[in-house]
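Inspection log for the structure reproduced underneath, given as structure tokens.
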Amino acid sequence: MLRIGITGGIGSGKTTVAKIFEVLGVPVYYSDDAAKRLMNEDDALQQKLIENFGATIFENKQLNRSLLASIVFNDPEKLSLLNSIVHPVTIADAEKWMKGFSNNDSKETPYAIKEAALIFESGAQKKLDYVIGVNAPYKLRLQRAMQRDHLSKEEVEARIAKQMDETKKMNLCNFIITNDEDQLLIPQVVELHKKLIQLTIDN
Ligand code: ATP
């Protein structure tokens, strides 16, 4: 079974693309959701977070996400500390999740997908066979993220500025899906799905 990553910057549409793959029957691991779940369920992870960010970030073992976000938001060192604590746990959890499919019939599960904003930044690509990049024009990403998260242009711009350069990220990907206003998304996903199934046969 092939292990595939899907990545892209804020508002690029990686979750939307992942959902189309799910409709085609491909299992998808959503890293953001998994990280949230792990922070509420994994005792060792909770302990590390408490040691580094204080006990107040948890209330009845449930993470106060807005408090943690406010601690790391304007502090790049704290954000990178948080990522260095959470990413290895999520990467290991995704690997375990992927392994759960490896005994399946390869016709049943030719490949599984991990969707994550930070794949190259966290070294997660080492545990993946191929990475798909979702590429959308800057203006459209801005517009989509502003609309979805009810944020100002400046707020989204500040978030984008903190991420890896999009061209650099797309150059690291094996496949690109273009999510602009000209090219239809579903046919591109179906085409890539066929290509990935062919790759599992060739492997
Ligand atoms: P983030 O990293 O910020 O979570 P993302 O890359 O996962 O973003 P999505 O959540 O998939 O992006 O898309 C951002 C917003 O844009 C969503 O509200 C989604 O519904 C919308 N969107 C994405 N692609 C399209 C499209 N092709 N047409 C219309 N709306 C779209």
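By convention in this document, the chains of the structure tokens carry letters A, B, ... by their order, each chain's residues are numbered from 1, and ligands are numbered from 1 in the order they are shown.
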
Could you list, as a VMD selection string, all the residues within 8 Å of ligand 1, counting only C-alpha atoms and all ligand atoms?
-> chain A and resid 7 to 18 116 to 117 134 141 144 to 145 147 to 148 179 to 181 184 to 185

Give me the residues within 8 Å of range 102-115 of chain A as a PyMOL selection string, counting only C-alpha atoms and dropping any in the same chain fewer than 3 places off.
-> chain A and resi 1-7+14-15+18+26-31+94+98-99+196-197+200

Dump of N, CA, C and O atoms for the selected residues, as a PDB file, in the first residue's frame:
```pdb
ATOM      1  N   MET A   1       0.824  -1.202   0.000  1.00  0.00           N
ATOM      2  CA  MET A   1       0.000   0.000   0.000  1.00  0.00           C
ATOM      3  C   MET A   1       0.866   1.263   0.000  1.00  0.00           C
ATOM      4  O   MET A   1       1.833   1.340   0.740  1.00  0.00           O
ATOM      5  N   LEU A   2       0.489   2.229  -0.826  1.00  0.00           N
ATOM      6  CA  LEU A   2       1.267   3.469  -0.872  1.00  0.00           C
ATOM      7  C   LEU A   2       0.773   4.447   0.194  1.00  0.00           C
ATOM      8  O   LEU A   2      -0.423   4.539   0.479  1.00  0.00           O
ATOM      9  N   ARG A   3       1.751   5.188   0.747  1.00  0.00           N
ATOM     10  CA  ARG A   3       1.420   6.211   1.753  1.00  0.00           C
ATOM     11  C   ARG A   3       1.564   7.574   1.068  1.00  0.00           C
ATOM     12  O   ARG A   3       2.651   7.947   0.631  1.00  0.00           O
ATOM     13  N   ILE A   4       0.444   8.281   0.959  1.00  0.00           N
ATOM     14  CA  ILE A   4       0.419   9.535   0.202  1.00  0.00           C
ATOM     15  C   ILE A   4       0.129  10.715   1.124  1.00  0.00           C
ATOM     16  O   ILE A   4      -0.738  10.624   1.999  1.00  0.00           O
ATOM     17  N   GLY A   5       0.850  11.813   0.911  1.00  0.00           N
ATOM     18  CA  GLY A   5       0.578  13.037   1.662  1.00  0.00           C
ATOM     19  C   GLY A   5      -0.150  14.035   0.788  1.00  0.00           C
ATOM     20  O   GLY A   5       0.012  14.033  -0.436  1.00  0.00           O
ATOM     21  N   ILE A   6      -0.976  14.884   1.422  1.00  0.00           N
ATOM     22  CA  ILE A   6      -1.565  16.028   0.699  1.00  0.00           C
ATOM     23  C   ILE A   6      -1.236  17.262   1.507  1.00  0.00           C
ATOM     24  O   ILE A   6      -1.484  17.309   2.716  1.00  0.00           O
ATOM     25  N   THR A   7      -0.660  18.264   0.831  1.00  0.00           N
ATOM     26  CA  THR A   7      -0.320  19.478   1.551  1.00  0.00           C
ATOM     27  C   THR A   7      -0.600  20.717   0.710  1.00  0.00           C
ATOM     28  O   THR A   7      -0.948  20.620  -0.473  1.00  0.00           O
ATOM     29  N   LYS A  14      -6.628  21.961   0.510  1.00  0.00           N
ATOM     30  CA  LYS A  14      -6.170  20.570   0.710  1.00  0.00           C
ATOM     31  C   LYS A  14      -7.223  19.694   1.383  1.00  0.00           C
ATOM     32  O   LYS A  14      -7.364  18.526   1.037  1.00  0.00           O
ATOM     33  N   THR A  15      -7.992  20.284   2.331  1.00  0.00           N
ATOM     34  CA  THR A  15      -9.040  19.487   2.985  1.00  0.00           C
ATOM     35  C   THR A  15     -10.132  19.148   1.963  1.00  0.00           C
ATOM     36  O   THR A  15     -10.620  18.010   1.926  1.00  0.00           O
ATOM     37  N   ALA A  18      -8.842  16.404  -0.183  1.00  0.00           N
ATOM     38  CA  ALA A  18      -8.809  15.145   0.578  1.00  0.00           C
ATOM     39  C   ALA A  18     -10.209  14.538   0.667  1.00  0.00           C
ATOM     40  O   ALA A  18     -10.374  13.317   0.570  1.00  0.00           O
ATOM     41  N   VAL A  26     -10.886   6.353  -0.673  1.00  0.00           N
ATOM     42  CA  VAL A  26      -9.524   6.358  -0.122  1.00  0.00           C
ATOM     43  C   VAL A  26      -9.573   6.787   1.355  1.00  0.00           C
ATOM     44  O   VAL A  26     -10.185   7.811   1.670  1.00  0.00           O
ATOM     45  N   PRO A  27      -8.932   6.023   2.254  1.00  0.00           N
ATOM     46  CA  PRO A  27      -8.916   6.452   3.653  1.00  0.00           C
ATOM     47  C   PRO A  27      -8.041   7.697   3.826  1.00  0.00           C
ATOM     48  O   PRO A  27      -6.967   7.780   3.233  1.00  0.00           O
ATOM     49  N   VAL A  28      -8.527   8.656   4.606  1.00  0.00           N
ATOM     50  CA  VAL A  28      -7.772   9.906   4.804  1.00  0.00           C
ATOM     51  C   VAL A  28      -7.556  10.173   6.293  1.00  0.00           C
ATOM     52  O   VAL A  28      -8.489  10.086   7.095  1.00  0.00           O
ATOM     53  N   TYR A  29      -6.328  10.502   6.635  1.00  0.00           N
ATOM     54  CA  TYR A  29      -5.948  10.909   7.995  1.00  0.00           C
ATOM     55  C   TYR A  29      -5.817  12.425   7.987  1.00  0.00           C
ATOM     56  O   TYR A  29      -4.998  12.977   7.243  1.00  0.00           O
ATOM     57  N   TYR A  30      -6.644  13.100   8.774  1.00  0.00           N
ATOM     58  CA  TYR A  30      -6.588  14.568   8.845  1.00  0.00           C
ATOM     59  C   TYR A  30      -5.710  14.956  10.039  1.00  0.00           C
ATOM     60  O   TYR A  30      -6.115  14.817  11.193  1.00  0.00           O
ATOM     61  N   SER A  31      -4.514  15.442   9.755  1.00  0.00           N
ATOM     62  CA  SER A  31      -3.521  15.674  10.813  1.00  0.00           C
ATOM     63  C   SER A  31      -3.959  16.691  11.865  1.00  0.00           C
ATOM     64  O   SER A  31      -3.660  16.524  13.045  1.00  0.00           O
ATOM     65  N   ALA A  94       0.015   8.764  12.756  1.00  0.00           N
ATOM     66  CA  ALA A  94      -0.367   8.586  11.344  1.00  0.00           C
ATOM     67  C   ALA A  94       0.287   7.326  10.779  1.00  0.00           C
ATOM     68  O   ALA A  94      -0.335   6.584  10.002  1.00  0.00           O
ATOM     69  N   MET A  98      -1.588   4.242   9.177  1.00  0.00           N
ATOM     70  CA  MET A  98      -1.278   3.734   7.831  1.00  0.00           C
ATOM     71  C   MET A  98      -1.001   2.228   7.885  1.00  0.00           C
ATOM     72  O   MET A  98      -1.466   1.476   7.037  1.00  0.00           O
ATOM     73  N   LYS A  99      -0.242   1.812   8.905  1.00  0.00           N
ATOM     74  CA  LYS A  99       0.120   0.390   9.029  1.00  0.00           C
ATOM     75  C   LYS A  99      -1.116  -0.480   9.188  1.00  0.00           C
ATOM     76  O   LYS A  99      -1.124  -1.639   8.785  1.00  0.00           O
ATOM     77  N   LEU A 196      -2.341   6.900  -9.256  1.00  0.00           N
ATOM     78  CA  LEU A 196      -1.816   6.325  -8.014  1.00  0.00           C
ATOM     79  C   LEU A 196      -2.118   4.830  -7.944  1.00  0.00           C
ATOM     80  O   LEU A 196      -1.282   4.033  -7.496  1.00  0.00           O
ATOM     81  N   ILE A 197      -3.290   4.440  -8.429  1.00  0.00           N
ATOM     82  CA  ILE A 197      -3.634   3.010  -8.449  1.00  0.00           C
ATOM     83  C   ILE A 197      -2.667   2.294  -9.393  1.00  0.00           C
ATOM     84  O   ILE A 197      -2.144   1.219  -9.065  1.00  0.00           O
ATOM     85  N   THR A 200       0.592   1.651  -7.686  1.00  0.00           N
ATOM     86  CA  THR A 200       0.587   0.536  -6.735  1.00  0.00           C
ATOM     87  C   THR A 200       0.712  -0.793  -7.488  1.00  0.00           C
ATOM     88  O   THR A 200       1.315  -1.732  -6.983  1.00  0.00           O
TER      89      THR A 200
END
```

Tell me, as a PyMOL selection string, which residues lie within 8 Å of Lys153 in chain A, counting only C-alpha atoms; anything in the same chain fewer than 6 positions away does not count.
-> chain A and resi 142-143+146

Just write the chosen residues, all heavy atoms, as an mmCIF file, in the first residue's frame.
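As written to disk, out_21.cif reads:
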```
data_model
loop_
_atom_site.group_PDB
_atom_site.id
_atom_site.type_symbol
_atom_site.label_atom_id
_atom_site.label_comp_id
_atom_site.auth_asym_id
_atom_site.auth_seq_id
_atom_site.Cartn_x
_atom_site.Cartn_y
_atom_site.Cartn_z
ATOM 1 N N LEU A 142 -6.326 33.785 -0.037
ATOM 2 C CA LEU A 142 -6.619 34.867 0.899
ATOM 3 C C LEU A 142 -8.137 34.996 1.061
ATOM 4 O O LEU A 142 -8.669 34.982 2.170
ATOM 5 C CB LEU A 142 -6.025 36.145 0.293
ATOM 6 C CG LEU A 142 -5.729 37.325 1.192
ATOM 7 C CD1 LEU A 142 -4.728 36.935 2.267
ATOM 8 C CD2 LEU A 142 -5.136 38.469 0.363
ATOM 9 N N GLN A 143 -8.807 35.091 -0.076
ATOM 10 C CA GLN A 143 -10.254 35.277 -0.105
ATOM 11 C C GLN A 143 -10.980 34.105 0.576
ATOM 12 O O GLN A 143 -11.861 34.300 1.401
ATOM 13 C CB GLN A 143 -10.627 35.328 -1.579
ATOM 14 C CG GLN A 143 -11.942 35.932 -1.940
ATOM 15 C CD GLN A 143 -12.108 35.815 -3.461
ATOM 16 O OE1 GLN A 143 -11.210 36.173 -4.238
ATOM 17 N NE2 GLN A 143 -13.232 35.264 -3.878
ATOM 18 N N MET A 146 -10.275 34.076 4.395
ATOM 19 C CA MET A 146 -10.967 35.195 5.062
ATOM 20 C C MET A 146 -12.435 34.846 5.263
ATOM 21 O O MET A 146 -12.997 35.049 6.332
ATOM 22 C CB MET A 146 -10.875 36.471 4.192
ATOM 23 C CG MET A 146 -9.552 37.174 4.275
ATOM 24 S SD MET A 146 -9.380 38.424 2.957
ATOM 25 C CE MET A 146 -10.702 39.545 3.326
#
```

Set out as JSON lines a contact list for range 14-101 of chain A and range 121-133 of chain A with a cut-off of 9 Å, giving each residue of range 14-101 of chain A that qualifies its closest atom pair and distance in Å to one decimal, counting only C-alpha atoms, ordered by chain and rising residue number.
```
{"residue": "A:Lys14", "atom": "CA", "partner": "A:Gly133", "partner_atom": "CA", "distance": 8.0}
{"residue": "A:Asn83", "atom": "CA", "partner": "A:Ser122", "partner_atom": "CA", "distance": 8.0}
{"residue": "A:Ser84", "atom": "CA", "partner": "A:Ser122", "partner_atom": "CA", "distance": 8.1}
{"residue": "A:His87", "atom": "CA", "partner": "A:Ser122", "partner_atom": "CA", "distance": 6.5}
{"residue": "A:Pro88", "atom": "CA", "partner": "A:Ser122", "partner_atom": "CA", "distance": 8.1}
{"residue": "A:Ile91", "atom": "CA", "partner": "A:Ala124", "partner_atom": "CA", "distance": 6.3}
{"residue": "A:Glu95", "atom": "CA", "partner": "A:Lys127", "partner_atom": "CA", "distance": 7.2}
```

Give the strand (DSSP E) residues of range 39-151 of chain A, as assigned by DSSP on the backbone, as a PyMOL selection string.
-> chain A and resi 58-59+62-63+111-115+130-135

Would you list, as a ChimeraX atom specification, the residues of chain A that end up in helix (DSSP H, G or I) under DSSP run on this structure's backbone?
-> /A:14-23,31-41,43-53,55-57,65-72,76-99,124-127,138-149,153-162,166-172,185-202

Using CA of Ala34 in chain A and CA of Thr90 in chain A as the two end points, give the distance in Å to one decimal.
->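 Distance between the two atoms: 6.9 Å.
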
Can you work out the spacing between CA of Phe21 in chain A and CA of Arg159 in chain A in Å, to one decimal?
->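 These two atoms are separated by 26.9 Å.
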
Among the residues A:Ala35, A:Val156, A:Phe120, A:Gly100, the one that comes closest to Asn171 in chain A [using only C-alpha atoms] =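 Between A:Ala35, A:Val156, A:Phe120, A:Gly100, the residue approaching Asn171 in chain A most closely is A:Phe120.
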